[in-house]
$ cat final_39.tsv   # TSV, C-alpha atoms
chain	number	residue	atom	x	y	z
A	1	ASP	CA	27.82	18.16	-78.80
A	2	VAL	CA	29.67	20.67	-76.71
A	3	LYS	CA	27.65	21.94	-73.82
A	4	VAL	CA	28.35	25.10	-71.90
A	5	THR	CA	26.01	25.76	-69.01
A	6	GLN	CA	25.59	28.77	-66.79
A	7	SER	CA	24.19	28.59	-63.29
A	8	SER	CA	21.32	31.04	-63.78
A	9	ARG	CA	19.41	32.52	-66.72
A	10	TYR	CA	18.15	35.46	-64.70
A	11	LEU	CA	19.56	36.95	-61.51
A	12	VAL	CA	18.55	39.97	-59.45
A	13	LYS	CA	20.94	41.31	-56.83
A	14	ARG	CA	21.22	44.36	-54.66
A	15	THR	CA	23.96	46.97	-54.83
A	16	GLY	CA	26.95	45.94	-52.74
A	17	GLU	CA	26.21	42.22	-52.80
A	18	LYS	CA	28.87	39.70	-53.79
A	19	VAL	CA	27.73	37.86	-56.88
A	20	PHE	CA	28.96	34.56	-58.28
A	21	LEU	CA	28.27	33.52	-61.86
A	22	GLU	CA	29.18	29.94	-62.62
A	23	CYS	CA	30.04	28.37	-65.95
A	24	VAL	CA	30.65	24.70	-66.68
A	25	GLN	CA	31.72	23.05	-69.94
A	26	ASP	CA	31.72	19.34	-70.63
A	27	MET	CA	34.19	19.03	-73.50
A	28	ASP	CA	37.50	19.22	-71.67
A	29	HIS	CA	38.28	22.56	-73.28
A	30	GLU	CA	41.41	24.35	-72.16
A	31	ASN	CA	40.16	27.88	-72.78
A	32	MET	CA	37.28	29.60	-71.04
A	33	PHE	CA	36.02	33.16	-71.37
A	34	TRP	CA	33.65	35.62	-69.75
A	35	TYR	CA	32.03	38.31	-71.87
A	36	ARG	CA	29.60	41.04	-71.08
A	37	GLN	CA	26.98	41.96	-73.71
A	38	ASP	CA	25.28	45.36	-73.79
A	39	PRO	CA	23.07	46.87	-76.52
A	40	GLY	CA	25.10	48.84	-79.00
A	41	LEU	CA	28.40	47.70	-77.49
A	42	GLY	CA	28.53	44.10	-78.65
A	43	LEU	CA	30.47	41.57	-76.60
A	44	ARG	CA	33.31	42.79	-74.44
A	45	LEU	CA	35.83	40.45	-72.88
A	46	ILE	CA	36.08	40.58	-69.10
A	47	TYR	CA	38.49	37.75	-68.27
A	48	PHE	CA	39.74	34.55	-69.83
A	49	SER	CA	41.67	31.50	-68.79
A	50	TYR	CA	43.94	29.18	-70.77
A	51	ASP	CA	44.21	26.55	-68.08
A	52	VAL	CA	43.39	25.69	-64.50
A	53	LYS	CA	44.57	28.32	-62.02
A	54	MET	CA	45.42	30.67	-64.88
A	55	LYS	CA	43.62	33.90	-65.68
A	56	GLU	CA	44.15	36.85	-67.97
A	57	LYS	CA	42.47	40.23	-67.94
A	58	GLY	CA	40.35	41.15	-70.89
A	59	ASP	CA	39.23	44.58	-72.02
A	60	ILE	CA	37.00	45.46	-69.06
A	61	PRO	CA	38.18	43.62	-65.91
A	62	GLU	CA	37.49	46.41	-63.44
A	63	GLY	CA	35.03	45.38	-60.77
A	64	TYR	CA	35.31	41.69	-61.61
A	65	SER	CA	37.45	38.74	-60.60
A	66	VAL	CA	37.50	35.10	-61.72
A	67	SER	CA	38.34	31.69	-60.39
A	68	ARG	CA	39.27	28.49	-62.20
A	69	GLU	CA	39.99	25.71	-59.74
A	70	LYS	CA	38.88	22.91	-62.08
A	71	LYS	CA	39.27	22.65	-65.83
A	72	GLU	CA	35.56	22.46	-66.53
A	73	ARG	CA	34.46	25.35	-64.30
A	74	PHE	CA	35.09	29.08	-64.64
A	75	SER	CA	33.50	31.47	-62.17
A	76	LEU	CA	32.97	35.20	-62.51
A	77	ILE	CA	32.81	37.17	-59.27
A	78	LEU	CA	31.42	40.62	-58.72
A	79	GLU	CA	32.97	41.58	-55.38
A	80	SER	CA	30.52	44.42	-54.73
A	81	ALA	CA	27.81	44.62	-57.35
A	82	SER	CA	26.93	48.01	-58.76
A	83	THR	CA	24.07	49.15	-60.98
A	84	ASN	CA	26.43	49.67	-63.93
A	85	GLN	CA	27.12	45.95	-63.87
A	86	THR	CA	23.55	45.23	-64.91
A	87	SER	CA	24.07	43.32	-68.14
A	88	MET	CA	23.98	40.00	-69.99
A	89	TYR	CA	26.97	37.82	-69.11
A	90	LEU	CA	28.10	35.15	-71.55
A	91	CYS	CA	30.52	32.35	-70.86
A	92	ALA	CA	32.36	30.54	-73.65
A	93	SER	CA	34.91	27.79	-74.05
A	94	SER	CA	37.22	26.57	-76.78
A	95	SER	CA	39.85	23.96	-77.48
A	96	ILE	CA	43.43	24.69	-78.42
A	97	SER	CA	43.53	21.73	-80.78
A	98	GLN	CA	43.82	22.45	-84.47
A	99	GLY	CA	41.06	20.28	-85.80
A	100	GLU	CA	38.51	21.21	-88.41
A	101	TRP	CA	36.69	23.57	-86.08
A	102	SER	CA	39.75	24.90	-84.40
A	103	TYR	CA	39.40	28.06	-82.41
A	104	GLU	CA	35.60	28.06	-82.47
A	105	GLN	CA	34.19	29.36	-79.22
A	106	TYR	CA	31.11	27.64	-77.79
A	107	PHE	CA	28.78	29.81	-75.77
A	108	GLY	CA	26.52	29.26	-72.81
A	109	PRO	CA	22.94	30.56	-72.76
A	110	GLY	CA	23.85	33.69	-70.82
A	111	THR	CA	22.93	35.13	-67.44
A	112	ARG	CA	20.91	38.32	-67.38
A	113	LEU	CA	21.98	40.10	-64.21
A	114	THR	CA	20.05	43.01	-62.79
A	115	VAL	CA	21.58	45.00	-59.94
A	116	THR	CA	19.13	47.23	-58.08
B	1	ALA	CA	44.89	46.04	-81.35
B	2	GLN	CA	42.58	44.30	-83.73
B	3	THR	CA	39.17	45.86	-84.27
B	4	VAL	CA	36.04	44.61	-85.97
B	5	THR	CA	33.46	47.01	-87.40
B	6	GLN	CA	29.88	46.26	-88.35
B	7	SER	CA	28.48	49.42	-89.88
B	8	GLN	CA	24.84	48.32	-90.04
B	9	PRO	CA	23.22	48.26	-86.57
B	10	GLU	CA	19.92	47.04	-88.05
B	11	MET	CA	18.80	45.51	-91.30
B	12	SER	CA	15.64	43.95	-92.62
B	13	VAL	CA	14.87	41.55	-95.43
B	14	GLN	CA	11.75	40.08	-97.00
B	15	GLU	CA	11.24	36.39	-96.55
B	16	ALA	CA	12.83	34.41	-99.42
B	17	GLU	CA	15.01	37.36	-100.43
B	18	THR	CA	18.78	37.76	-100.08
B	19	VAL	CA	20.55	40.04	-97.62
B	20	THR	CA	24.21	40.91	-97.08
B	21	LEU	CA	25.64	41.94	-93.73
B	22	SER	CA	28.88	43.91	-93.78
B	23	CYS	CA	31.98	43.52	-91.64
B	24	THR	CA	35.42	45.08	-91.83
B	25	TYR	CA	38.36	44.44	-89.58
B	26	ASP	CA	41.75	45.87	-88.89
B	27	THR	CA	44.82	43.71	-88.41
B	28	SER	CA	48.46	43.62	-89.40
B	29	GLU	CA	48.54	39.82	-89.26
B	30	SER	CA	48.38	37.54	-92.28
B	31	ASP	CA	47.14	34.36	-90.60
B	32	TYR	CA	43.87	34.54	-88.72
B	33	TYR	CA	40.28	33.32	-88.60
B	34	LEU	CA	37.02	35.14	-89.17
B	35	PHE	CA	33.61	34.09	-87.91
B	36	TRP	CA	29.97	34.99	-88.13
B	37	TYR	CA	27.91	34.15	-85.04
B	38	LYS	CA	24.12	34.24	-84.76
B	39	GLN	CA	22.23	35.06	-81.57
B	40	PRO	CA	18.47	34.47	-81.89
B	41	PRO	CA	16.19	36.32	-79.44
B	42	SER	CA	16.62	34.84	-75.95
B	43	ARG	CA	18.63	31.97	-77.34
B	44	GLN	CA	22.19	30.78	-77.38
B	45	MET	CA	24.93	32.21	-79.59
B	46	ILE	CA	25.85	29.76	-82.33
B	47	LEU	CA	28.47	29.71	-85.06
B	48	VAL	CA	27.15	30.29	-88.57
B	49	ILE	CA	30.28	30.18	-90.69
B	50	ARG	CA	34.03	30.55	-90.44
B	51	GLN	CA	36.83	31.52	-92.83
B	52	GLU	CA	40.55	30.88	-92.60
B	53	ALA	CA	42.53	33.84	-93.90
B	54	TYR	CA	44.96	31.65	-95.85
B	55	LYS	CA	42.12	30.18	-97.91
B	56	GLN	CA	41.16	32.15	-100.98
B	57	GLN	CA	37.93	30.27	-101.51
B	58	ASN	CA	34.93	31.81	-99.81
B	59	ALA	CA	33.26	29.64	-97.19
B	60	THR	CA	29.71	28.40	-97.72
B	61	GLU	CA	27.27	26.68	-95.36
B	62	ASN	CA	23.94	25.94	-97.04
B	63	ARG	CA	22.14	29.31	-97.45
B	64	PHE	CA	24.99	31.22	-95.81
B	65	SER	CA	28.08	32.35	-97.67
B	66	VAL	CA	30.79	34.90	-97.19
B	67	ASN	CA	32.61	37.33	-99.42
B	68	PHE	CA	36.13	37.46	-98.00
B	69	GLN	CA	38.31	40.23	-99.41
B	70	LYS	CA	41.62	39.91	-97.58
B	71	ALA	CA	43.31	42.96	-99.08
B	72	ALA	CA	40.32	45.13	-98.30
B	73	LYS	CA	39.92	43.48	-94.87
B	74	SER	CA	36.28	42.87	-95.57
B	75	PHE	CA	34.20	39.85	-94.56
B	76	SER	CA	30.52	40.11	-95.49
B	77	LEU	CA	27.83	37.50	-94.85
B	78	LYS	CA	25.22	36.72	-97.48
B	79	ILE	CA	22.00	34.98	-96.47
B	80	SER	CA	20.04	33.58	-99.40
B	81	ASP	CA	16.36	32.60	-99.37
B	82	SER	CA	15.88	34.29	-95.99
B	83	GLN	CA	13.64	32.54	-93.51
B	84	LEU	CA	11.80	33.78	-90.44
B	85	GLY	CA	14.19	31.77	-88.30
B	86	ASP	CA	17.10	33.86	-89.58
B	87	ALA	CA	15.91	36.82	-87.51
B	88	ALA	CA	18.65	37.40	-84.95
B	89	MET	CA	21.64	39.44	-83.92
B	90	TYR	CA	24.63	38.64	-86.09
B	91	PHE	CA	28.15	39.19	-84.84
B	92	CYS	CA	31.30	39.24	-86.91
B	93	ALA	CA	34.41	38.11	-85.04
B	94	TYR	CA	38.16	37.86	-85.55
B	95	ARG	CA	40.66	35.55	-83.95
B	96	ARG	CA	44.36	35.01	-84.40
B	97	GLY	CA	45.70	31.76	-83.04
B	98	ASN	CA	44.74	30.80	-79.51
B	99	THR	CA	43.51	34.23	-78.46
B	100	PRO	CA	40.01	35.39	-77.51
B	101	LEU	CA	37.58	36.37	-80.22
B	102	VAL	CA	37.26	40.07	-80.98
B	103	PHE	CA	33.67	40.91	-81.82
B	104	GLY	CA	31.95	43.64	-83.77
B	105	LYS	CA	28.98	45.41	-82.21
B	106	GLY	CA	26.46	43.33	-84.10
B	107	THR	CA	23.74	43.73	-86.71
B	108	ARG	CA	20.13	43.06	-85.80
B	109	LEU	CA	18.42	41.34	-88.72
B	110	SER	CA	14.63	41.35	-89.04
B	111	VAL	CA	12.85	39.08	-91.52
B	112	ILE	CA	9.54	40.33	-92.86
B	113	ALA	CA	6.93	37.76	-93.79

$ encode --input "final_39.tsv" --output "structure tokens"
Amino acid sequence: DVKVTQSSRYLVKRTGEKVFLECVQDMDHENMFWYRQDPGLGLRLIYFSYDVKMKEKGDIPEGYSVSREKKERFSLILESASTNQTSMYLCASSSISQGEWSYEQYFGPGTRLTVT
Amino acid sequence: AQTVTQSQPEMSVQEAETVTLSCTYDTSESDYYLFWYKQPPSRQMILVIRQEAYKQQNATENRFSVNFQKAAKSFSLKISDSQLGDAAMYFCAYRRGNTPLVFGKGTRLSVIA
């Protein structure tokens, strides 16, 4: 089974702090994604990566950056946390192969971040 | 840009009954994939069912089935014999090739015992 893990389930940070959210997948997937989930807004894509060292902006990249130094790890960075970044953050991964379950994204359990 | 619309923010169903969740999408492409994901309370998002646009036959996974109307750009999810464990947020999603999923805003399903 594919496993996507996130470093914390719950996180509380203060305004202005630098925040790191870590995501690790164990299935050698090429693609990794960071989403933000807010009530009534669904999932919105922050950043994604098709390969090591590569990154692409999603729909709401402002205030965030990412790092992918190893294939299995994709980090989301909040350079200076703000209260409007309080949210649930979901990491996902997928393979580019075209097998039976091609293009399915596998999700981590999420990190609920509160910025006070 | 592709968009996915779920017009029902909340729905409820009696246990053992059938419920249909609606989803429409907008795309100019002919080859793509559609998905329904389930997110139980405080639990991980999991895939329920998927549909390839080039397949005319509607996908089915046990009690879950879809009604895929390509011309109408409609992709509804039917849950038969609803169970308490079906209570969750359900997200419809679209994907073309190796691009990120585009999600709808979700439908919260409650199951009444």

$ residues_near_point --input "final_39.tsv" --point "(17.4, 50.4, -87.2)" --cutoff "12 Å" --atoms "all atoms listed in the file" --output "JSON, numbers by chain"
{"A": [40], "B": [7, 8, 9, 10, 11, 12, 106, 107, 108, 109, 110]}

$ residues_around --input "final_39.tsv" --residues "Ile46 of chain B" --least-positions-apart "3" --cutoff "7 Å" --atoms "all atoms listed in the file" --output "number ranges by chain"
B: 37-39

$ interface_residues --input "final_39.tsv" --of "chain B" --to "chain A" --cutoff "6 Å" --atoms "all atoms listed in the file" --output "PyMOL selection string"
chain B and resi 44-45+105-106

$ axis_aligned_box --input "final_39.tsv" --around "segment 39-56 of chain B" --padding-each-side "6 Å" --output "AutoDock Vina command-line options"
--center_x 30.6 --center_y 33.0 --center_z -88.5 --size_x 40.8 --size_y 18.6 --size_z 37.0

$ atom_distance --input "final_39.tsv" --atom1 "atom CA of Lys70 of chain A" --atom2 "atom CA of Met88 of chain A"
24.0 Å

$ residues_near_point --input "final_39.tsv" --point "(31.0, 25.6, -93.1)" --cutoff "7 Å" --atoms "only C-alpha atoms" --output "ChimeraX atom specification"
/B:49-50,59-61

$ atom_distance --input "final_39.tsv" --atom1 "atom CA of Glu79 of chain A" --atom2 "atom CA of Val52 of chain A"
21.1 Å

$ atom_distance --input "final_39.tsv" --atom1 "atom CA of Leu34 of chain B" --atom2 "atom CA of Tyr94 of chain B"
4.7 Å

$ closest_residue --input "final_39.tsv" --among "B:Met89, B:Ser74, B:Val48, B:Gln56" --to "Trp36 of chain B" --atoms "all atoms listed in the file"
B:Val48
